[in-house]
file protein.cif (mmCIF, C-alpha atoms; chains and numbers go by the auth columns)
data_upload
loop_
_atom_site.group_PDB
_atom_site.id
_atom_site.type_symbol
_atom_site.label_atom_id
_atom_site.label_comp_id
_atom_site.label_asym_id
_atom_site.label_seq_id
_atom_site.Cartn_x
_atom_site.Cartn_y
_atom_site.Cartn_z
_atom_site.B_iso_or_equiv
_atom_site.auth_seq_id
_atom_site.auth_asym_id
ATOM 1 C CA MET A 1 0.000 0.000 0.000 0.00 1 A
ATOM 2 C CA GLU A 2 2.864 2.380 0.775 0.00 2 A
ATOM 3 C CA ILE A 3 4.280 1.886 -2.707 0.00 3 A
ATOM 4 C CA VAL A 4 0.949 2.862 -4.319 0.00 4 A
ATOM 5 C CA ILE A 5 0.820 6.032 -2.211 0.00 5 A
ATOM 6 C CA ALA A 6 4.438 6.852 -3.120 0.00 6 A
ATOM 7 C CA ILE A 7 3.792 6.345 -6.861 0.00 7 A
ATOM 8 C CA THR A 8 0.533 8.342 -6.751 0.00 8 A
ATOM 9 C CA THR A 9 2.247 11.169 -4.857 0.00 9 A
ATOM 10 C CA GLY A 10 5.109 11.177 -7.393 0.00 10 A
ATOM 11 C CA VAL A 11 2.734 11.289 -10.377 0.00 11 A
ATOM 12 C CA LEU A 12 0.580 14.055 -8.862 0.00 12 A
ATOM 13 C CA SER A 13 3.692 16.078 -7.957 0.00 13 A
ATOM 14 C CA SER A 14 4.972 15.733 -11.529 0.00 14 A
ATOM 15 C CA ILE A 15 1.648 16.885 -12.978 0.00 15 A
ATOM 16 C CA CYS A 16 1.537 19.898 -10.636 0.00 16 A
ATOM 17 C CA ALA A 17 5.126 20.834 -11.499 0.00 17 A
ATOM 18 C CA SER A 18 4.330 20.573 -15.237 0.00 18 A
ATOM 19 C CA VAL A 19 1.253 22.803 -14.902 0.00 19 A
ATOM 20 C CA ILE A 20 3.237 25.416 -12.961 0.00 20 A
ATOM 21 C CA PHE A 21 6.060 25.272 -15.538 0.00 21 A
ATOM 22 C CA LEU A 22 3.591 25.736 -18.424 0.00 22 A
ATOM 23 C CA PHE A 23 1.987 28.692 -16.632 0.00 23 A
ATOM 24 C CA PHE A 24 5.370 30.422 -16.252 0.00 24 A
ATOM 25 C CA LEU A 25 6.331 29.487 -19.805 0.00 25 A
ATOM 26 C CA THR A 26 3.407 31.513 -21.141 0.00 26 A
ATOM 27 C CA LYS A 27 4.484 34.504 -19.032 0.00 27 A
ATOM 28 C CA ILE A 28 8.087 34.617 -20.290 0.00 28 A
ATOM 29 C CA ARG A 29 7.360 34.932 -23.999 0.00 29 A
ATOM 30 C CA PRO A 30 7.300 38.195 -25.946 0.00 30 A
ATOM 31 C CA ASN A 31 4.136 40.303 -25.828 0.00 31 A
ATOM 32 C CA LEU A 32 3.502 42.456 -28.919 0.00 32 A
ATOM 33 C CA GLU A 33 0.538 44.466 -30.108 0.00 33 A
ATOM 34 C CA ILE A 34 0.257 45.138 -33.861 0.00 34 A
ATOM 35 C CA SER A 35 -1.591 48.074 -35.375 0.00 35 A
ATOM 36 C CA ASP A 36 -4.744 47.304 -37.381 0.00 36 A
ATOM 37 C CA THR A 37 -3.950 50.263 -39.620 0.00 37 A
ATOM 38 C CA ILE A 38 -1.213 50.832 -42.196 0.00 38 A
ATOM 39 C CA ALA A 39 -0.197 54.494 -42.457 0.00 39 A
ATOM 40 C CA VAL A 40 0.183 55.746 -46.027 0.00 40 A
ATOM 41 C CA GLU A 41 2.631 58.611 -46.585 0.00 41 A
ATOM 42 C CA GLU A 42 2.880 60.232 -49.995 0.00 42 A
ATOM 43 C CA ALA A 43 6.110 61.963 -50.988 0.00 43 A
ATOM 44 C CA SER A 44 6.253 65.146 -53.071 0.00 44 A
ATOM 45 C CA ASP A 45 7.132 63.089 -56.168 0.00 45 A
ATOM 46 C CA GLY A 46 3.913 61.050 -55.776 0.00 46 A
ATOM 47 C CA THR A 47 5.513 57.828 -54.474 0.00 47 A
ATOM 48 C CA LYS A 48 3.856 56.199 -51.485 0.00 48 A
ATOM 49 C CA LYS A 49 5.372 54.544 -48.462 0.00 49 A
ATOM 50 C CA TYR A 50 3.253 52.191 -46.340 0.00 50 A
ATOM 51 C CA TRP A 51 4.151 52.095 -42.626 0.00 51 A
ATOM 52 C CA LEU A 52 3.309 49.290 -40.183 0.00 52 A
ATOM 53 C CA LYS A 53 3.701 49.637 -36.402 0.00 53 A
ATOM 54 C CA PHE A 54 3.943 47.367 -33.386 0.00 54 A
ATOM 55 C CA ILE A 55 4.583 47.843 -29.678 0.00 55 A
ATOM 56 C CA ASN A 56 6.484 45.649 -27.224 0.00 56 A
ATOM 57 C CA GLN A 57 4.170 45.548 -24.226 0.00 57 A
ATOM 58 C CA GLY A 58 6.323 43.078 -22.323 0.00 58 A
ATOM 59 C CA ARG A 59 8.588 43.706 -19.345 0.00 59 A
ATOM 60 C CA ARG A 60 11.701 42.471 -21.154 0.00 60 A
ATOM 61 C CA ASP A 61 13.451 43.316 -24.418 0.00 61 A
ATOM 62 C CA ILE A 62 12.669 41.304 -27.531 0.00 62 A
ATOM 63 C CA ILE A 63 15.586 40.226 -29.720 0.00 63 A
ATOM 64 C CA ASN A 64 15.958 38.813 -33.234 0.00 64 A
ATOM 65 C CA VAL A 65 12.686 40.304 -34.445 0.00 65 A
ATOM 66 C CA ARG A 66 11.705 39.410 -38.028 0.00 66 A
ATOM 67 C CA PHE A 67 8.769 40.585 -40.138 0.00 67 A
ATOM 68 C CA GLU A 68 6.917 39.173 -43.121 0.00 68 A
ATOM 69 C CA LEU A 69 4.091 40.851 -45.020 0.00 69 A
ATOM 70 C CA LEU A 70 2.022 38.656 -47.335 0.00 70 A
ATOM 71 C CA PHE A 71 -0.632 39.548 -49.886 0.00 71 A
ATOM 72 C CA SER A 72 -3.132 36.684 -50.029 0.00 72 A
ATOM 73 C CA THR A 73 -5.635 35.960 -52.775 0.00 73 A
ATOM 74 C CA PRO A 74 -8.148 33.094 -52.518 0.00 74 A
ATOM 75 C CA GLN A 75 -8.341 30.946 -55.658 0.00 75 A
ATOM 76 C CA ASN A 76 -10.867 28.255 -56.551 0.00 76 A
ATOM 77 C CA ALA A 77 -9.529 24.719 -56.676 0.00 77 A
ATOM 78 C CA ALA A 78 -11.052 21.342 -57.525 0.00 78 A
ATOM 79 C CA ASN A 79 -11.937 20.459 -53.925 0.00 79 A
ATOM 80 C CA GLY A 80 -12.306 23.900 -52.369 0.00 80 A
ATOM 81 C CA MET A 81 -10.229 27.027 -52.014 0.00 81 A
ATOM 82 C CA ASN A 82 -6.480 27.650 -52.161 0.00 82 A
ATOM 83 C CA ILE A 83 -4.734 30.769 -50.939 0.00 83 A
ATOM 84 C CA HIS A 84 -2.091 32.225 -53.246 0.00 84 A
ATOM 85 C CA ARG A 85 0.406 34.225 -51.174 0.00 85 A
ATOM 86 C CA LYS A 86 2.818 36.842 -52.468 0.00 86 A
ATOM 87 C CA THR A 87 5.576 38.155 -50.200 0.00 87 A
ATOM 88 C CA ILE A 88 5.626 41.953 -50.105 0.00 88 A
ATOM 89 C CA PRO A 89 9.215 43.255 -49.900 0.00 89 A
ATOM 90 C CA LEU A 90 9.884 45.362 -46.814 0.00 90 A
ATOM 91 C CA THR A 91 12.478 48.129 -46.552 0.00 91 A
ATOM 92 C CA LYS A 92 13.675 46.462 -43.346 0.00 92 A
ATOM 93 C CA ALA A 93 12.723 42.851 -42.602 0.00 93 A
ATOM 94 C CA SER A 94 14.349 42.457 -39.173 0.00 94 A
ATOM 95 C CA MET A 95 15.547 44.235 -36.034 0.00 95 A
ATOM 96 C CA LEU A 96 18.054 43.041 -33.477 0.00 96 A
ATOM 97 C CA LEU A 97 16.346 44.617 -30.461 0.00 97 A
ATOM 98 C CA VAL A 98 13.018 46.115 -29.433 0.00 98 A
ATOM 99 C CA SER A 99 13.187 47.590 -25.946 0.00 99 A
ATOM 100 C CA ALA A 100 10.799 46.654 -23.173 0.00 100 A
ATOM 101 C CA TYR A 101 7.953 49.058 -22.454 0.00 101 A
ATOM 102 C CA SER A 102 8.842 51.788 -19.990 0.00 102 A
ATOM 103 C CA GLU A 103 7.029 55.020 -19.149 0.00 103 A
ATOM 104 C CA ASN A 104 10.451 56.642 -18.671 0.00 104 A
ATOM 105 C CA ASP A 105 11.666 55.766 -22.191 0.00 105 A
ATOM 106 C CA GLN A 106 12.138 59.198 -23.807 0.00 106 A
ATOM 107 C CA ASN A 107 12.843 57.658 -27.236 0.00 107 A
ATOM 108 C CA LYS A 108 9.821 55.330 -27.201 0.00 108 A
ATOM 109 C CA SER A 109 12.122 52.419 -28.173 0.00 109 A
ATOM 110 C CA TYR A 110 9.345 49.959 -27.381 0.00 110 A
ATOM 111 C CA ALA A 111 7.327 51.200 -30.387 0.00 111 A
ATOM 112 C CA LYS A 112 8.706 50.336 -33.836 0.00 112 A
ATOM 113 C CA ARG A 113 7.667 51.092 -37.387 0.00 113 A
ATOM 114 C CA PHE A 114 8.772 49.487 -40.637 0.00 114 A
ATOM 115 C CA SER A 115 7.651 50.041 -44.196 0.00 115 A
ATOM 116 C CA THR A 116 7.243 48.906 -47.768 0.00 116 A
ATOM 117 C CA THR A 117 7.326 50.895 -50.985 0.00 117 A
ATOM 118 C CA GLU A 118 5.198 48.304 -52.806 0.00 118 A
ATOM 119 C CA ASP A 119 2.023 50.070 -53.949 0.00 119 A
ATOM 120 C CA LEU A 120 -0.500 48.235 -51.749 0.00 120 A
ATOM 121 C CA ASP A 121 -3.307 50.537 -52.882 0.00 121 A
ATOM 122 C CA GLU A 122 -2.859 49.384 -56.481 0.00 122 A
ATOM 123 C CA LEU A 123 -2.125 45.751 -55.621 0.00 123 A
ATOM 124 C CA TRP A 124 -5.154 45.357 -53.339 0.00 124 A
ATOM 125 C CA ASN A 125 -7.921 45.770 -55.917 0.00 125 A
ATOM 126 C CA ASP A 126 -10.620 43.308 -54.840 0.00 126 A
ATOM 127 C CA GLU A 127 -12.654 42.471 -51.737 0.00 127 A
ATOM 128 C CA CYS A 128 -11.442 38.860 -51.479 0.00 128 A
ATOM 129 C CA SER A 129 -7.733 39.597 -51.067 0.00 129 A
ATOM 130 C CA PHE A 130 -6.159 40.425 -47.727 0.00 130 A
ATOM 131 C CA LEU A 131 -2.828 41.190 -46.052 0.00 131 A
ATOM 132 C CA THR A 132 -1.161 39.042 -43.416 0.00 132 A
ATOM 133 C CA LEU A 133 1.581 40.418 -41.192 0.00 133 A
ATOM 134 C CA ARG A 134 3.757 37.950 -39.302 0.00 134 A
ATOM 135 C CA ILE A 135 6.229 39.006 -36.627 0.00 135 A
ATOM 136 C CA ILE A 136 8.471 36.620 -34.704 0.00 136 A
ATOM 137 C CA GLY A 137 10.678 37.559 -31.791 0.00 137 A
ATOM 138 C CA GLU A 138 12.575 36.030 -28.881 0.00 138 A
ATOM 139 C CA ASP A 139 12.445 36.980 -25.223 0.00 139 A
ATOM 140 C CA SER A 140 15.877 38.373 -24.313 0.00 140 A
ATOM 141 C CA VAL A 141 16.053 36.477 -20.995 0.00 141 A
ATOM 142 C CA SER A 142 14.426 33.105 -21.652 0.00 142 A
ATOM 143 C CA GLY A 143 15.138 32.809 -25.387 0.00 143 A
ATOM 144 C CA PHE A 144 11.561 31.607 -25.984 0.00 144 A
ATOM 145 C CA SER A 145 10.031 32.743 -29.277 0.00 145 A
ATOM 146 C CA LYS A 146 6.520 33.707 -30.224 0.00 146 A
ATOM 147 C CA ILE A 147 4.905 34.345 -33.602 0.00 147 A
ATOM 148 C CA PHE A 148 2.333 37.124 -33.897 0.00 148 A
ATOM 149 C CA VAL A 149 -0.040 37.107 -36.871 0.00 149 A
ATOM 150 C CA LYS A 150 -2.389 39.906 -37.947 0.00 150 A
ATOM 151 C CA ASP A 151 -4.776 39.492 -40.892 0.00 151 A
ATOM 152 C CA MET A 152 -6.070 42.698 -42.463 0.00 152 A
ATOM 153 C CA HIS A 153 -9.155 41.987 -44.584 0.00 153 A
ATOM 154 C CA TYR A 154 -10.589 45.381 -45.479 0.00 154 A
ATOM 155 C CA LYS A 155 -8.623 47.846 -47.573 0.00 155 A
ATOM 156 C CA LYS A 156 -10.828 50.802 -46.553 0.00 156 A
ATOM 157 C CA THR A 157 -10.140 50.374 -42.847 0.00 157 A
ATOM 158 C CA THR A 158 -6.550 49.149 -43.172 0.00 158 A
ATOM 159 C CA LEU A 159 -4.911 51.758 -45.424 0.00 159 A
ATOM 160 C CA LYS A 160 -5.147 55.253 -43.947 0.00 160 A
ATOM 161 C CA PRO A 161 -3.297 58.414 -45.039 0.00 161 A
ATOM 162 C CA GLY A 162 -1.112 59.942 -42.323 0.00 162 A
ATOM 163 C CA ARG A 163 1.410 58.819 -39.704 0.00 163 A
ATOM 164 C CA HIS A 164 1.141 56.604 -36.651 0.00 164 A
ATOM 165 C CA LYS A 165 0.983 58.512 -33.380 0.00 165 A
ATOM 166 C CA ILE A 166 4.132 58.396 -31.266 0.00 166 A
ATOM 167 C CA GLY A 167 4.366 56.052 -28.284 0.00 167 A
ATOM 168 C CA LEU A 168 1.738 53.591 -27.103 0.00 168 A
ATOM 169 C CA SER A 169 -0.936 54.595 -29.598 0.00 169 A
ATOM 170 C CA LEU A 170 -1.429 52.459 -32.711 0.00 170 A
ATOM 171 C CA GLU A 171 -3.728 55.013 -34.377 0.00 171 A
ATOM 172 C CA VAL A 172 -2.947 56.936 -37.545 0.00 172 A
ATOM 173 C CA GLU A 173 -3.422 60.698 -37.592 0.00 173 A
#
call {"tool": "encode", "arguments": {"input": "protein.cif", "output": "structure tokens"}}
result
Amino acid sequence: MEIVIAITTGVLSSICASVIFLFFLTKIRPNLEISDTIAVEEASDGTKKYWLKFINQGRRDIINVRFELLFSTPQNAANGMNIHRKTIPLTKASMLLVSAYSENDQNKSYAKRFSTTEDLDELWNDECSFLTLRIIGEDSVSGFSKIFVKDMHYKKTTLKPGRHKIGLSLEVE
């Protein structure tokens, strides 16, 4: 009987330790928020630049941050629907460091913008197509990664002339 109690205690202790470890594992991954809006800036020569923004809302820096912007178009197939994806080239596709959020950060290093010069307004010419933004980053202490994905389905609400506000805001003015 003592052996059954010892085995049961060992199994229950292992399960509890695993649950606690998984709880802390979710807390030590990066925490980003991505803007729903892409800011469109037009230069004096008529060329457009499309700016995307995200904010590190975590308590630690994020390292090895990489971005990918995809233009997706659904296409009919024999047994359903396929998604054709085109990678949109970005002016900068990675960053080594995004600082942790801090109210005392004068430079707002926790908020980052990156852009593309691909004419999204011209490319996005139907209601079925959509944009997908993927960002992956690693927690600077634990090394754990997380992928953030944002789908943007409506051109009218996604592309907005102006610039993103500085700091914690993800709005375009």
call {"tool": "residues_around", "arguments": {"input": "protein.cif", "residues": "Ile28 in chain A", "least_positions_apart": "3", "cutoff": "10 Å", "atoms": "all atoms listed in the file", "output": "NGL selection string"}}
result
:A and (23-25 or 31 or 58-60 or 138-145)
call {"tool": "atom_distance", "arguments": {"input": "protein.cif", "atom1": "CA of Tyr101 in chain A", "atom2": "CA of Ile147 in chain A"}}
result
18.7 Å
call {"tool": "residues_near_point", "arguments": {"input": "protein.cif", "point": "(-1.6, 50.6, -32.1)", "cutoff": "7 Å", "atoms": "all atoms listed in the file", "output": "list in words"}}
result
Glu33, Ile34, Ser35, Asp36, Lys53, Phe54, Leu168, Ser169, Leu170 and Glu171 of chain A
call {"tool": "residues_around", "arguments": {"input": "protein.cif", "residues": "Val40 in chain A", "least_positions_apart": "2", "cutoff": "9 Å", "atoms": "only C-alpha atoms", "output": "list in words"}}
result
Ile38, Glu42, Lys48, Lys49, Tyr50, Trp51, Leu159, Lys160, Pro161, Gly162 and Arg163 of chain A
call {"tool": "closest_residue", "arguments": {"input": "protein.cif", "among": "A:Leu97, A:Leu69, A:Met152, A:Leu32", "to": "Leu133 in chain A", "atoms": "all atoms listed in the file"}}
result
A:Leu69
call {"tool": "residues_around", "arguments": {"input": "protein.cif", "residues": "Thr117 in chain A", "least_positions_apart": "4", "cutoff": "12 Å", "atoms": "all atoms listed in the file", "output": "JSON list (two decimals) with C-alpha atoms, in the frame of the given file"}}
result
[["chain", "number", "residue", "atom", "x", "y", "z"],
["A", 39, "ALA", "CA", -0.20, 54.49, -42.46],
["A", 40, "VAL", "CA", 0.18, 55.75, -46.03],
["A", 41, "GLU", "CA", 2.63, 58.61, -46.58],
["A", 42, "GLU", "CA", 2.88, 60.23, -50.00],
["A", 43, "ALA", "CA", 6.11, 61.96, -50.99],
["A", 46, "GLY", "CA", 3.91, 61.05, -55.78],
["A", 47, "THR", "CA", 5.51, 57.83, -54.47],
["A", 48, "LYS", "CA", 3.86, 56.20, -51.48],
["A", 49, "LYS", "CA", 5.37, 54.54, -48.46],
["A", 50, "TYR", "CA", 3.25, 52.19, -46.34],
["A", 51, "TRP", "CA", 4.15, 52.10, -42.63],
["A", 52, "LEU", "CA", 3.31, 49.29, -40.18],
["A", 88, "ILE", "CA", 5.63, 41.95, -50.10],
["A", 89, "PRO", "CA", 9.22, 43.26, -49.90],
["A", 90, "LEU", "CA", 9.88, 45.36, -46.81],
["A", 91, "THR", "CA", 12.48, 48.13, -46.55],
["A", 92, "LYS", "CA", 13.68, 46.46, -43.35],
["A", 121, "ASP", "CA", -3.31, 50.54, -52.88],
["A", 122, "GLU", "CA", -2.86, 49.38, -56.48],
["A", 123, "LEU", "CA", -2.12, 45.75, -55.62]]
call {"tool": "decode", "arguments": {"input": "protein.cif", "residues": "range 54-103 of chain A", "atoms": "C-alpha atoms", "output": "mmCIF file, in the first residue's frame"}}
result
data_model
loop_
_atom_site.group_PDB
_atom_site.id
_atom_site.type_symbol
_atom_site.label_atom_id
_atom_site.label_comp_id
_atom_site.auth_asym_id
_atom_site.auth_seq_id
_atom_site.Cartn_x
_atom_site.Cartn_y
_atom_site.Cartn_z
ATOM 1 C CA PHE A 54 3.943 47.367 -33.386
ATOM 2 C CA ILE A 55 4.583 47.843 -29.678
ATOM 3 C CA ASN A 56 6.484 45.649 -27.224
ATOM 4 C CA GLN A 57 4.170 45.548 -24.226
ATOM 5 C CA GLY A 58 6.323 43.078 -22.323
ATOM 6 C CA ARG A 59 8.588 43.706 -19.345
ATOM 7 C CA ARG A 60 11.701 42.471 -21.154
ATOM 8 C CA ASP A 61 13.451 43.316 -24.418
ATOM 9 C CA ILE A 62 12.669 41.304 -27.531
ATOM 10 C CA ILE A 63 15.586 40.226 -29.720
ATOM 11 C CA ASN A 64 15.958 38.813 -33.234
ATOM 12 C CA VAL A 65 12.686 40.304 -34.445
ATOM 13 C CA ARG A 66 11.705 39.410 -38.028
ATOM 14 C CA PHE A 67 8.769 40.585 -40.138
ATOM 15 C CA GLU A 68 6.917 39.173 -43.121
ATOM 16 C CA LEU A 69 4.091 40.851 -45.020
ATOM 17 C CA LEU A 70 2.022 38.656 -47.335
ATOM 18 C CA PHE A 71 -0.632 39.548 -49.886
ATOM 19 C CA SER A 72 -3.132 36.684 -50.029
ATOM 20 C CA THR A 73 -5.635 35.960 -52.775
ATOM 21 C CA PRO A 74 -8.148 33.094 -52.518
ATOM 22 C CA GLN A 75 -8.341 30.946 -55.658
ATOM 23 C CA ASN A 76 -10.867 28.255 -56.551
ATOM 24 C CA ALA A 77 -9.529 24.719 -56.676
ATOM 25 C CA ALA A 78 -11.052 21.342 -57.525
ATOM 26 C CA ASN A 79 -11.937 20.459 -53.925
ATOM 27 C CA GLY A 80 -12.306 23.900 -52.369
ATOM 28 C CA MET A 81 -10.229 27.027 -52.014
ATOM 29 C CA ASN A 82 -6.480 27.650 -52.161
ATOM 30 C CA ILE A 83 -4.734 30.769 -50.939
ATOM 31 C CA HIS A 84 -2.091 32.225 -53.246
ATOM 32 C CA ARG A 85 0.406 34.225 -51.174
ATOM 33 C CA LYS A 86 2.818 36.842 -52.468
ATOM 34 C CA THR A 87 5.576 38.155 -50.200
ATOM 35 C CA ILE A 88 5.626 41.953 -50.105
ATOM 36 C CA PRO A 89 9.215 43.255 -49.900
ATOM 37 C CA LEU A 90 9.884 45.362 -46.814
ATOM 38 C CA THR A 91 12.478 48.129 -46.552
ATOM 39 C CA LYS A 92 13.675 46.462 -43.346
ATOM 40 C CA ALA A 93 12.723 42.851 -42.602
ATOM 41 C CA SER A 94 14.349 42.457 -39.173
ATOM 42 C CA MET A 95 15.547 44.235 -36.034
ATOM 43 C CA LEU A 96 18.054 43.041 -33.477
ATOM 44 C CA LEU A 97 16.346 44.617 -30.461
ATOM 45 C CA VAL A 98 13.018 46.115 -29.433
ATOM 46 C CA SER A 99 13.187 47.590 -25.946
ATOM 47 C CA ALA A 100 10.799 46.654 -23.173
ATOM 48 C CA TYR A 101 7.953 49.058 -22.454
ATOM 49 C CA SER A 102 8.842 51.788 -19.990
ATOM 50 C CA GLU A 103 7.029 55.020 -19.149
#
